[in-house]
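Structure data follow from input-v1.cif (mmCIF, C-alpha atoms):
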```cif
data_structure
loop_
_atom_site.label_atom_id
_atom_site.label_comp_id
_atom_site.auth_asym_id
_atom_site.auth_seq_id
_atom_site.Cartn_x
_atom_site.Cartn_y
_atom_site.Cartn_z
CA MET A 382 11.67 4.09 -14.41
CA SER A 383 8.54 3.28 -12.52
CA GLY A 384 8.93 3.41 -8.73
CA ALA A 385 8.11 0.41 -6.61
CA ASN A 386 4.83 1.86 -5.40
CA ASP A 387 3.64 3.26 -8.70
CA GLY A 388 0.78 1.59 -10.41
CA CYS A 389 1.21 -1.34 -12.69
CA GLY A 390 -1.03 -0.31 -15.53
CA ALA A 391 0.39 0.19 -18.97
CA PRO A 392 0.24 3.72 -20.36
CA ALA A 393 -0.95 4.04 -23.97
CA GLY A 394 1.93 3.19 -26.25
CA GLY A 395 3.79 1.42 -23.46
CA ALA A 396 6.03 2.62 -20.63
CA PRO A 397 8.97 4.89 -21.56
CA MET A 398 12.31 3.24 -22.25
CA PRO A 399 14.55 3.26 -19.15
CA ALA A 400 18.00 4.86 -19.31
CA THR A 401 19.74 1.53 -19.62
CA THR A 402 18.30 -1.49 -21.38
CA THR A 403 21.10 -4.00 -20.85
CA ASP A 404 18.95 -5.79 -18.27
CA GLN A 405 15.69 -5.46 -20.20
CA ALA A 406 14.26 -7.66 -22.95
CA VAL A 407 12.31 -5.08 -24.94
CA VAL A 408 9.69 -5.86 -27.59
CA GLU A 409 8.27 -2.77 -29.25
CA GLY A 410 6.66 -1.68 -32.46
CA ARG A 411 3.55 -0.21 -34.02
CA VAL A 412 0.32 -1.26 -35.60
CA LEU A 413 -0.91 -0.03 -38.99
CA HIS A 414 -4.14 -0.29 -40.95
CA ASP A 415 -3.89 0.56 -44.64
CA GLY A 416 -0.55 2.16 -43.85
CA ALA A 417 -1.96 4.51 -41.17
CA PRO A 418 -1.28 4.14 -37.42
CA VAL A 419 -4.00 2.42 -35.40
CA ALA A 420 -4.47 4.72 -32.40
CA THR A 421 -7.25 2.72 -30.73
CA GLY A 422 -6.51 -0.89 -30.00
CA TYR A 423 -4.58 -3.26 -27.78
CA ALA A 424 -1.34 -5.19 -28.11
CA ARG A 425 -1.21 -8.41 -26.08
CA LEU A 426 1.89 -10.43 -25.29
CA LEU A 427 1.16 -14.15 -24.98
CA GLY A 428 3.31 -17.05 -23.83
CA THR A 429 3.15 -20.75 -24.55
CA GLY A 430 -0.36 -22.02 -25.16
CA ASP A 431 -1.72 -18.49 -25.57
CA GLU A 432 -1.04 -17.80 -21.88
CA PHE A 433 -1.67 -14.08 -21.33
CA VAL A 434 1.41 -12.15 -20.21
CA ALA A 435 0.75 -8.43 -20.67
CA GLU A 436 -1.30 -5.90 -22.57
CA VAL A 437 -0.67 -2.32 -23.70
CA PRO A 438 -3.21 0.10 -25.20
CA LEU A 439 -1.80 1.43 -28.48
CA GLY A 440 -0.40 4.95 -28.51
CA THR A 441 -1.60 7.65 -30.89
CA ASP A 442 1.15 6.53 -33.28
CA GLY A 443 -0.05 2.91 -33.06
CA GLY A 444 2.97 2.13 -30.84
CA PHE A 445 3.44 -0.37 -28.02
CA ARG A 446 6.32 -1.58 -25.82
CA PHE A 447 6.85 -4.60 -23.57
CA PHE A 448 9.60 -5.54 -21.10
CA ALA A 449 9.46 -9.31 -21.32
CA ALA A 450 11.50 -12.16 -19.94
CA PRO A 451 13.92 -13.68 -22.47
CA GLY A 452 12.20 -16.21 -24.69
CA SER A 453 9.68 -16.66 -27.49
CA TRP A 454 6.36 -14.88 -27.38
CA THR A 455 3.29 -14.26 -29.46
CA LEU A 456 2.12 -10.72 -30.11
CA ARG A 457 -1.59 -10.30 -30.77
CA VAL A 458 -3.29 -7.04 -31.70
CA LEU A 459 -7.00 -6.29 -31.24
CA ALA A 460 -8.61 -3.22 -32.79
CA PRO A 461 -12.20 -1.98 -33.30
CA GLY A 462 -14.12 -3.53 -36.14
CA GLY A 463 -12.84 -6.99 -35.26
CA LEU A 464 -9.39 -6.22 -36.70
CA ARG A 465 -6.68 -8.64 -35.48
CA ALA A 466 -3.11 -9.55 -36.21
CA GLU A 467 -0.63 -11.98 -34.69
CA ARG A 468 3.13 -12.48 -34.88
CA SER A 469 5.79 -14.58 -33.12
CA VAL A 470 8.65 -12.62 -31.53
CA ALA A 471 11.82 -13.45 -29.61
CA ALA A 472 13.12 -11.37 -26.70
CA ASP A 473 16.45 -11.29 -24.91
CA TYR A 474 18.25 -9.08 -22.39
CA GLY A 475 19.94 -6.10 -23.95
CA GLN A 476 17.96 -6.47 -27.16
CA ILE A 477 15.22 -4.25 -28.55
CA THR A 478 13.06 -6.37 -30.82
CA LYS A 479 11.11 -4.15 -33.22
CA VAL A 480 7.90 -5.36 -34.82
CA GLU A 481 5.43 -3.78 -37.23
CA LEU A 482 2.01 -5.36 -37.57
CA SER A 483 -0.77 -4.65 -40.06
CA VAL A 484 -4.39 -5.30 -39.15
CA MET B 748 -24.70 -10.61 -4.33
CA SER B 749 -24.86 -12.11 -7.75
CA ARG B 750 -23.54 -11.17 -11.15
CA SER B 751 -26.59 -9.09 -12.06
CA ASP B 752 -26.22 -7.00 -8.87
CA VAL B 753 -22.62 -6.03 -9.47
CA LEU B 754 -22.01 -6.12 -13.20
CA VAL B 755 -23.66 -4.29 -16.09
CA ASP B 756 -22.95 -4.63 -19.78
CA ALA B 757 -22.30 -1.92 -22.34
CA ASP B 758 -25.89 -1.98 -23.63
CA TRP B 759 -27.15 -1.29 -20.10
CA VAL B 760 -24.76 1.64 -19.77
CA GLU B 761 -25.76 3.08 -23.15
CA ALA B 762 -29.42 2.89 -22.14
CA HIS B 763 -28.76 4.68 -18.82
CA ILE B 764 -26.42 7.47 -19.93
CA GLY B 765 -27.60 10.73 -18.40
CA GLU B 766 -30.21 9.08 -16.20
CA PRO B 767 -30.59 10.84 -12.84
CA GLY B 768 -29.23 8.71 -10.02
CA VAL B 769 -26.78 6.86 -12.26
CA VAL B 770 -23.19 8.10 -12.22
CA LEU B 771 -20.56 6.73 -14.59
CA VAL B 772 -17.01 6.94 -13.28
CA GLU B 773 -13.88 6.21 -15.30
CA VAL B 774 -10.96 5.12 -13.12
CA ASP B 775 -7.54 4.95 -14.69
CA GLU B 776 -3.92 4.92 -13.80
CA ASP B 777 -3.19 6.64 -17.10
CA ALA B 778 -5.47 9.63 -16.54
CA SER B 779 -4.89 10.88 -20.09
CA ALA B 780 -7.13 8.05 -21.34
CA TYR B 781 -10.18 9.90 -20.01
CA ASP B 782 -9.11 13.14 -21.66
CA LYS B 783 -8.76 11.39 -25.01
CA GLY B 784 -12.40 10.33 -24.81
CA HIS B 785 -14.71 8.76 -22.25
CA ILE B 786 -18.22 7.37 -22.07
CA PRO B 787 -20.57 10.38 -22.32
CA THR B 788 -21.38 11.93 -18.90
CA ALA B 789 -18.64 9.94 -17.11
CA VAL B 790 -16.58 11.71 -14.46
CA LYS B 791 -12.89 10.98 -13.94
CA VAL B 792 -11.07 9.46 -10.98
CA ASP B 793 -7.29 9.33 -11.12
CA TRP B 794 -6.05 6.18 -9.41
CA LYS B 795 -2.97 7.85 -7.99
CA LYS B 796 -3.91 11.48 -7.45
CA ASP B 797 -7.42 10.88 -6.17
CA LEU B 798 -7.25 7.51 -4.48
CA GLN B 799 -3.78 7.35 -2.87
CA ASP B 800 -2.50 9.20 0.18
CA PRO B 801 0.08 11.68 -1.14
CA VAL B 802 2.52 11.12 1.75
CA ARG B 803 2.09 7.74 3.45
CA ARG B 804 1.78 4.47 1.57
CA ASP B 805 -1.94 4.03 2.03
CA PHE B 806 -5.09 5.00 0.24
CA VAL B 807 -7.45 7.87 0.93
CA ASP B 808 -9.00 7.81 4.38
CA LYS B 809 -12.72 8.16 5.09
CA THR B 810 -12.61 11.95 4.99
CA GLY B 811 -10.60 11.93 1.78
CA PHE B 812 -13.07 9.55 0.17
CA GLU B 813 -15.99 11.74 1.27
CA THR B 814 -14.29 14.84 -0.12
CA LEU B 815 -13.57 13.12 -3.45
CA LEU B 816 -17.07 11.79 -3.96
CA SER B 817 -18.68 15.04 -2.87
CA ALA B 818 -16.55 16.96 -5.36
CA ARG B 819 -17.48 14.55 -8.15
CA GLY B 820 -21.18 15.07 -7.41
CA ILE B 821 -21.81 11.52 -6.23
CA ALA B 822 -24.53 11.04 -3.63
CA ASN B 823 -24.93 8.16 -1.18
CA ASP B 824 -27.99 6.81 -2.95
CA ASP B 825 -26.58 7.05 -6.50
CA THR B 826 -25.95 3.96 -8.58
CA VAL B 827 -22.25 4.19 -9.36
CA VAL B 828 -20.98 2.38 -12.46
CA LEU B 829 -17.21 2.11 -12.58
CA TYR B 830 -15.12 1.31 -15.62
CA GLY B 831 -11.56 1.87 -16.77
CA GLY B 832 -8.60 0.74 -18.78
CA ASN B 833 -6.30 -2.21 -18.07
CA ASN B 834 -9.20 -4.64 -18.14
CA ASN B 835 -10.90 -2.78 -15.27
CA TRP B 836 -8.05 -3.31 -12.79
CA PHE B 837 -8.23 0.17 -11.34
CA ALA B 838 -12.00 0.28 -11.65
CA ALA B 839 -12.14 -2.95 -9.63
CA TYR B 840 -9.74 -1.38 -7.14
CA ALA B 841 -12.04 1.64 -6.85
CA TYR B 842 -15.02 -0.71 -6.56
CA TRP B 843 -13.28 -2.30 -3.59
CA TYR B 844 -12.92 1.19 -2.00
CA PHE B 845 -16.61 1.90 -2.56
CA ARG B 846 -17.41 -1.33 -0.71
CA LEU B 847 -14.82 -0.63 2.00
CA TYR B 848 -16.42 2.74 2.63
CA GLY B 849 -19.97 1.40 2.58
CA HIS B 850 -21.45 2.48 -0.77
CA SER B 851 -24.22 -0.01 -1.40
CA ASN B 852 -25.10 0.48 -5.04
CA VAL B 853 -21.94 0.15 -7.09
CA LYS B 854 -21.33 -1.84 -10.26
CA LEU B 855 -18.63 -2.54 -12.79
CA LEU B 856 -19.08 -2.18 -16.53
CA ASP B 857 -18.20 -5.61 -17.88
CA GLY B 858 -15.18 -5.31 -20.17
CA GLY B 859 -14.51 -1.72 -19.13
CA ARG B 860 -13.00 0.76 -21.49
CA LYS B 861 -11.48 -1.89 -23.73
CA LYS B 862 -14.75 -3.59 -24.64
CA TRP B 863 -16.39 -0.19 -25.15
CA GLU B 864 -13.58 0.84 -27.53
CA LEU B 865 -13.47 -2.46 -29.39
CA ASP B 866 -17.25 -2.19 -29.89
CA SER B 867 -16.63 1.28 -31.46
CA ARG B 868 -19.14 2.81 -29.04
CA GLU B 869 -19.39 6.57 -28.56
CA LEU B 870 -16.67 8.40 -26.63
CA SER B 871 -16.89 12.05 -25.65
CA THR B 872 -14.36 14.69 -24.63
CA ASP B 873 -17.01 16.82 -22.87
CA VAL B 874 -16.37 17.01 -19.14
CA PRO B 875 -19.68 16.88 -17.27
CA GLU B 876 -20.52 19.38 -14.56
CA ARG B 877 -22.16 17.75 -11.60
CA PRO B 878 -23.21 19.82 -8.57
CA ALA B 879 -21.25 18.94 -5.45
CA THR B 880 -22.86 16.69 -2.86
CA SER B 881 -22.26 15.99 0.83
CA TYR B 882 -21.18 12.38 0.68
CA THR B 883 -20.96 10.42 3.92
CA ALA B 884 -18.80 7.28 4.05
CA THR B 885 -18.85 4.59 6.70
CA GLU B 886 -15.75 3.49 8.60
CA GLN B 887 -13.52 1.17 6.58
CA ASP B 888 -14.86 -2.40 6.49
CA SER B 889 -11.85 -4.33 7.74
CA SER B 890 -13.39 -7.64 6.65
CA LEU B 891 -12.39 -6.80 3.06
CA ARG B 892 -8.76 -5.73 3.58
CA ALA B 893 -5.75 -7.80 4.62
CA LEU B 894 -2.67 -6.20 6.18
CA ARG B 895 0.78 -7.81 6.28
CA ASP B 896 0.63 -9.52 9.70
CA GLU B 897 -2.60 -11.20 8.75
CA VAL B 898 -1.04 -12.38 5.51
CA LEU B 899 1.95 -13.88 7.34
CA ALA B 900 -0.39 -15.64 9.75
CA ALA B 901 -2.38 -17.02 6.81
CA ILE B 902 0.54 -18.96 5.29
CA GLY B 903 -0.45 -22.60 5.11
CA LYS B 904 -3.80 -21.92 6.73
CA ARG B 905 -5.95 -19.88 4.36
CA ASN B 906 -6.16 -19.72 0.59
CA LEU B 907 -3.54 -17.30 -0.67
CA VAL B 908 -4.10 -16.40 -4.30
CA ASP B 909 -1.26 -14.75 -6.17
CA VAL B 910 -2.86 -13.22 -9.25
CA ARG B 911 0.33 -12.03 -10.97
CA SER B 912 1.67 -13.55 -14.16
CA PRO B 913 3.49 -16.91 -13.92
CA ASP B 914 6.87 -15.20 -14.49
CA GLU B 915 6.28 -12.79 -11.60
CA PHE B 916 5.06 -15.65 -9.40
CA ALA B 917 8.11 -17.77 -10.18
CA GLY B 918 10.49 -14.87 -9.54
CA ARG B 919 11.68 -14.40 -13.11
CA LEU B 920 10.09 -10.92 -13.35
CA LEU B 921 9.50 -8.29 -10.67
CA ALA B 922 6.79 -6.39 -12.52
CA PRO B 923 4.30 -7.08 -15.30
CA ALA B 924 5.92 -7.46 -18.71
CA HIS B 925 4.72 -4.08 -19.93
CA LEU B 926 6.85 -2.29 -17.31
CA PRO B 927 10.61 -1.95 -16.86
CA GLN B 928 11.82 -4.50 -14.34
CA GLU B 929 12.72 -3.12 -10.90
CA GLN B 930 15.30 -4.29 -8.43
CA ALA B 931 13.81 -2.74 -5.29
CA GLN B 932 12.57 -5.93 -3.72
CA ARG B 933 13.04 -9.68 -3.74
CA ALA B 934 11.31 -11.77 -6.36
CA GLY B 935 9.08 -14.78 -5.74
CA HIS B 936 5.81 -15.44 -3.95
CA ILE B 937 4.34 -16.01 -0.51
CA PRO B 938 4.76 -19.66 0.50
CA THR B 939 1.66 -21.82 -0.07
CA ALA B 940 0.13 -19.27 -2.47
CA ARG B 941 -1.59 -20.60 -5.56
CA ASN B 942 -0.95 -18.78 -8.82
CA VAL B 943 -4.12 -17.86 -10.66
CA PRO B 944 -3.25 -14.92 -12.93
CA TRP B 945 -6.04 -12.32 -12.95
CA SER B 946 -6.15 -12.63 -16.74
CA LYS B 947 -7.54 -16.15 -16.55
CA ALA B 948 -10.73 -14.67 -15.10
CA ALA B 949 -11.21 -12.44 -18.14
CA ASN B 950 -11.99 -12.97 -21.79
CA GLU B 951 -9.86 -11.36 -24.48
CA ASP B 952 -12.21 -8.36 -24.67
CA GLY B 953 -11.90 -7.74 -20.94
CA THR B 954 -15.30 -9.15 -19.92
CA PHE B 955 -15.44 -11.62 -17.05
CA ARG B 956 -15.75 -15.33 -17.77
CA SER B 957 -18.97 -17.09 -16.82
CA ASP B 958 -19.60 -18.13 -13.21
CA ASP B 959 -19.19 -21.79 -14.15
CA GLU B 960 -15.86 -21.12 -15.87
CA LEU B 961 -14.69 -19.09 -12.87
CA ARG B 962 -15.63 -21.79 -10.35
CA GLU B 963 -13.82 -24.35 -12.48
CA LEU B 964 -10.75 -22.08 -12.70
CA TYR B 965 -10.33 -21.53 -8.96
CA GLN B 966 -11.74 -24.76 -7.55
CA SER B 967 -10.81 -27.64 -9.83
CA GLY B 968 -8.07 -25.77 -11.71
CA ALA B 969 -6.12 -24.13 -8.87
CA GLY B 970 -7.40 -26.31 -6.03
CA LEU B 971 -8.74 -23.53 -3.86
CA ASP B 972 -10.79 -24.72 -0.91
CA PHE B 973 -13.91 -22.55 -1.10
CA GLY B 974 -14.65 -23.50 2.52
CA LYS B 975 -11.58 -21.55 3.69
CA ASP B 976 -11.02 -17.81 3.96
CA THR B 977 -9.06 -16.30 1.10
CA ILE B 978 -6.55 -13.48 0.62
CA ALA B 979 -5.72 -12.25 -2.88
CA TYR B 980 -2.59 -10.27 -3.71
CA CYS B 981 -0.57 -9.08 -6.69
CA ARG B 982 2.09 -6.38 -6.84
CA ILE B 983 0.24 -3.28 -5.61
CA GLY B 984 -3.27 -4.62 -5.04
CA GLU B 985 -5.18 -3.57 -8.12
CA ARG B 986 -4.96 -6.76 -10.19
CA SER B 987 -5.91 -8.60 -7.01
CA ALA B 988 -8.90 -6.27 -6.60
CA HIS B 989 -10.02 -7.68 -9.96
CA THR B 990 -9.75 -11.22 -8.50
CA TRP B 991 -11.31 -10.10 -5.19
CA PHE B 992 -14.27 -8.88 -7.29
CA VAL B 993 -14.52 -12.28 -8.97
CA LEU B 994 -14.35 -14.31 -5.75
CA HIS B 995 -16.31 -12.07 -3.40
CA GLU B 996 -18.79 -10.35 -5.68
CA LEU B 997 -19.37 -12.67 -8.64
CA LEU B 998 -18.93 -16.06 -6.95
CA ASP B 999 -20.25 -14.73 -3.63
CA LEU B 1000 -17.59 -16.36 -1.44
CA ALA B 1001 -17.55 -15.18 2.15
CA ASN B 1002 -14.36 -13.86 3.74
CA VAL B 1003 -12.26 -12.83 0.78
CA LYS B 1004 -9.77 -10.05 1.45
CA ASN B 1005 -7.56 -8.02 -0.82
CA TYR B 1006 -3.96 -7.51 0.37
CA ASP B 1007 -3.25 -4.11 -1.15
CA GLY B 1008 0.29 -4.00 0.23
CA SER B 1009 0.90 -6.97 -2.05
CA TRP B 1010 4.30 -7.90 -3.43
CA THR B 1011 5.84 -4.43 -3.27
CA GLU B 1012 5.36 -4.65 0.50
CA TYR B 1013 5.83 -8.37 1.13
CA GLY B 1014 8.86 -8.68 -1.14
CA SER B 1015 10.57 -5.85 0.77
CA LEU B 1016 9.92 -7.14 4.31
CA VAL B 1017 12.95 -8.30 6.29
CA GLY B 1018 12.96 -11.90 7.41
CA VAL B 1019 9.74 -13.16 5.88
CA PRO B 1020 9.64 -16.50 4.02
CA ILE B 1021 9.63 -16.40 0.23
CA GLU B 1022 9.22 -19.24 -2.25
CA LEU B 1023 10.67 -19.29 -5.75
CA GLY B 1024 9.68 -21.30 -8.78
CA ASP B 1025 6.67 -22.16 -10.83
CA ALA B 1026 3.28 -23.09 -9.43
CA ARG B 1027 3.06 -26.71 -8.34
#
```
Using structure tokens, write down the structure that the file contains.
Amino acid sequence: MSGANDGCGAPAGGAPMPATTTDQAVVEGRVLHDGAPVATGYARLLGTGDEFVAEVPLGTDGGFRFFAAPGSWTLRVLAPGGLRAERSVAADYGQITKVELSV
Amino acid sequence: MSRSDVLVDADWVEAHIGEPGVVLVEVDEDASAYDKGHIPTAVKVDWKKDLQDPVRRDFVDKTGFETLLSARGIANDDTVVLYGGNNNWFAAYAYWYFRLYGHSNVKLLDGGRKKWELDSRELSTDVPERPATSYTATEQDSSLRALRDEVLAAIGKRNLVDVRSPDEFAGRLLAPAHLPQEQAQRAGHIPTARNVPWSKAANEDGTFRSDDELRELYQSGAGLDFGKDTIAYCRIGERSAHTWFVLHELLDLANVKNYDGSWTEYGSLVGVPIELGDAR
């Protein structure tokens, strides 16, 4: 787990999963284009009214991970060439919500 | 200062790659981003390893900054163009250091690494070799940095701008939603702080919004009194460096400080007032 004084940037693919996730509301997944992982791009987590919440650069496997508050969110993906995708997701403590998006 | 003095776009950078006297610097927290590919000729600065004191909670001192810039081949009269991931958070943080230590000609690449990538512009894995210089920094400019006692004294008197997400501001999260949530400190915000998340100052591609949109955001939107001094903070001071850049460099407000201790310091102090709940 990240220490209190560590940075708050998101590593590509998202931060590693902590040892226990009972107190975390995890949303994770990967992004594909024509069935292949999108290694360059950004996953954005948005709240009500498109309010920005967080952003993760995609990992080499097209992966991303968020640790949200419980609730409903919108996931939006941006990739080079104007590729985009969007999906609604729900998060809750102790749950790992898995999402696959195609752009 | 105005926008054209402190901000360059990707076309400008492409046209100046390799030009003597112009140094591109990628600043990241995730230093592997640079290794995966960077703007041709850019040198790397690691937010943690290069810019933080390895023992105390503080950033590099004057000598450390001089040593770093000398090793990277940056001279006092170079034009330094900073860019990085995370919508330029750490690049803006480094920009703030360059100003603190008196470098006059420093700019940010608008949109940073994200815009460059989304534009499908060229990235290189070649690491440039720049001859070392003898960089001389000035003493830290204390007019740009707020420490905790000054922040406490500013409650109810100056503009305090909390640039974290609404959930962090309200106390529902202790860290941004892309990080595991910590329990090391109390949640909430500094009393009287306005919540203007850093992200509202940026477009989706990471570029800054227009000056008019930014004035509207902070003045009419958040009710900041531009006639008062301002302190910006976040969790560790890098998202607030992004907002400090907006207020002090783009909008040219006088007396804007970044509180780099930010919530990881304030939320751990004994006996200080904390407010919970959403922005009013």
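When atom CA of A:Ala472 is paired with atom CA of B:Leu926, their separation reads 14.5 Å.
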Could you write out as a PyMOL selection string the residues of chain A within 7 Å of chain B, counting only C-alpha atoms? chain A and resi 382+385-386+388+390-392+395-396+399+433-437+446-450+460-462
Please evaluate the PyMOL selection byres ((chain B and resi 790) around 7) against the structure above and give the resulting residues as an mmCIF file with C-alpha atoms, in the coordinates of the input.
```cif
data_model
loop_
_atom_site.group_PDB
_atom_site.id
_atom_site.type_symbol
_atom_site.label_atom_id
_atom_site.label_comp_id
_atom_site.auth_asym_id
_atom_site.auth_seq_id
_atom_site.Cartn_x
_atom_site.Cartn_y
_atom_site.Cartn_z
ATOM 1 C CA LEU B 771 -20.560 6.730 -14.590
ATOM 2 C CA VAL B 772 -17.010 6.940 -13.280
ATOM 3 C CA GLU B 773 -13.880 6.210 -15.300
ATOM 4 C CA THR B 788 -21.380 11.930 -18.900
ATOM 5 C CA ALA B 789 -18.640 9.940 -17.110
ATOM 6 C CA LYS B 791 -12.890 10.980 -13.940
ATOM 7 C CA VAL B 792 -11.070 9.460 -10.980
ATOM 8 C CA ARG B 819 -17.480 14.550 -8.150
ATOM 9 C CA PRO B 875 -19.680 16.880 -17.270
#
```
Would you kindly return, as a short mmCIF file (atom, residue, chain, number, x, y, z; two decimals) with C-alpha atoms, in the coordinates of the input, each protein, DNA or RNA residue with an atom no farther than 8 Å from any atom of B:Asp857, considering only C-alpha atoms and excluding same-chain residues fewer than 6 positions away?
```cif
data_model
loop_
_atom_site.label_atom_id
_atom_site.label_comp_id
_atom_site.auth_asym_id
_atom_site.auth_seq_id
_atom_site.Cartn_x
_atom_site.Cartn_y
_atom_site.Cartn_z
CA LEU B 754 -22.01 -6.12 -13.20
CA VAL B 755 -23.66 -4.29 -16.09
CA ASP B 756 -22.95 -4.63 -19.78
CA ALA B 757 -22.30 -1.92 -22.34
CA TYR B 830 -15.12 1.31 -15.62
CA GLY B 953 -11.90 -7.74 -20.94
CA THR B 954 -15.30 -9.15 -19.92
CA PHE B 955 -15.44 -11.62 -17.05
#
```
With only C-alpha atoms as the counted atoms, please give the residues lying no more than 7 Å from stretch 420-424 of chain A, apart from itself and same-chain residues fewer than 5 positions off, as a PyMOL selection string. chain A and resi 436-443+445+456-461
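For the set B:Leu856, B:Val753, B:Ala917, B:Leu1000, the residue with the smallest atom-to-atom gap to B:Tyr965 is B:Leu1000, counting all atoms listed in the file.
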Can you list, as an MDAnalysis selection string, every protein, DNA or RNA residue that comes within 10 Å of A:Ser453 when you count only C-alpha atoms, leaving out same-chain residues fewer than 5 positions away? chainID A and resid 427:429 469:473
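Of note, atom CA of B:Trp843 and atom CA of B:Pro878 are spaced 24.8 Å apart.
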Expanded to explicit residues, what is the PyMOL selection byres ((chain B and resi 1022) around 10) for this file, as a JSON list (two decimals) with C-alpha atoms, in the frame of the given file?
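Now in result18.json:
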```json
[["chain", "number", "residue", "atom", "x", "y", "z"],
["B", 916, "PHE", "CA", 5.06, -15.65, -9.40],
["B", 917, "ALA", "CA", 8.11, -17.77, -10.18],
["B", 918, "GLY", "CA", 10.49, -14.87, -9.54],
["B", 934, "ALA", "CA", 11.31, -11.77, -6.36],
["B", 935, "GLY", "CA", 9.08, -14.78, -5.74],
["B", 936, "HIS", "CA", 5.81, -15.44, -3.95],
["B", 937, "ILE", "CA", 4.34, -16.01, -0.51],
["B", 938, "PRO", "CA", 4.76, -19.66, 0.50],
["B", 939, "THR", "CA", 1.66, -21.82, -0.07],
["B", 940, "ALA", "CA", 0.13, -19.27, -2.47],
["B", 1020, "PRO", "CA", 9.64, -16.50, 4.02],
["B", 1021, "ILE", "CA", 9.63, -16.40, 0.23],
["B", 1023, "LEU", "CA", 10.67, -19.29, -5.75],
["B", 1024, "GLY", "CA", 9.68, -21.30, -8.78],
["B", 1025, "ASP", "CA", 6.67, -22.16, -10.83]]
```
List as a PyMOL selection string the protein and nucleic acid residues near B:Ala893, meaning an atom at most 9 Å away when all atoms listed in the file are counted, but skip any in the same chain fewer than 6 places from it. chain B and resi 978-979+1004-1008
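Residue neighbourhood of A:Val484, excluding near-sequence residues (fewer than 2 positions): Val412, Leu413, His414, Asp415, Val419, Val458, Leu459, Ala460, Leu464, Arg465, Ala466, Glu467 and Leu482 of chain A, at 9 Å, using all atoms listed in the file.
Across the model, the gap from atom CA of B:Glu813 to atom CA of B:Val898 is 28.7 Å.
Among the candidate residues B:Gly968, B:Tyr1013, B:Ala839, B:Ala949, the one lying nearest to B:Glu996 is B:Ala839, with distances computed using all atoms listed in the file.
You can rank B:Ala818, B:Ile902, B:Leu997, B:Ala988 by their closest distance to B:Phe845 using all atoms listed in the file, and at the top of that list sits B:Ala988.
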Picked residues, the PyMOL selection byres ((chain B and resi 820) around 9), as a PyMOL selection string: chain B and resi 770+815-819+821-822+876-882
Take every atom of stretch 768-780 of chain B listed in the file, pad by 5 Å on each side, and give me the axis-aligned box centre and edge lengths in Å, one decimal, as JSON.
```
{"center_x": -16.2, "center_y": 7.9, "center_z": -15.7, "size_x": 36.0, "size_y": 16.0, "size_z": 21.3}
```
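Distance annotation: of B:Phe992, B:Asn823, B:Gly1018, B:Asn835, the residue with the minimal separation from B:Leu899 is B:Gly1018; atom set is all atoms listed in the file.
Shortest separation to A:Pro451 among A:Gly475, A:Gly430, A:Gly410, A:Pro397 occurs at residue A:Gly475, atoms counted being only C-alpha atoms.
Minimum atom-to-atom distances from B:Gln887, B:Thr814, B:Asn1002, B:Ser871 to B:Gly849 were compared using all atoms listed in the file, and the lowest value belongs to B:Gln887.
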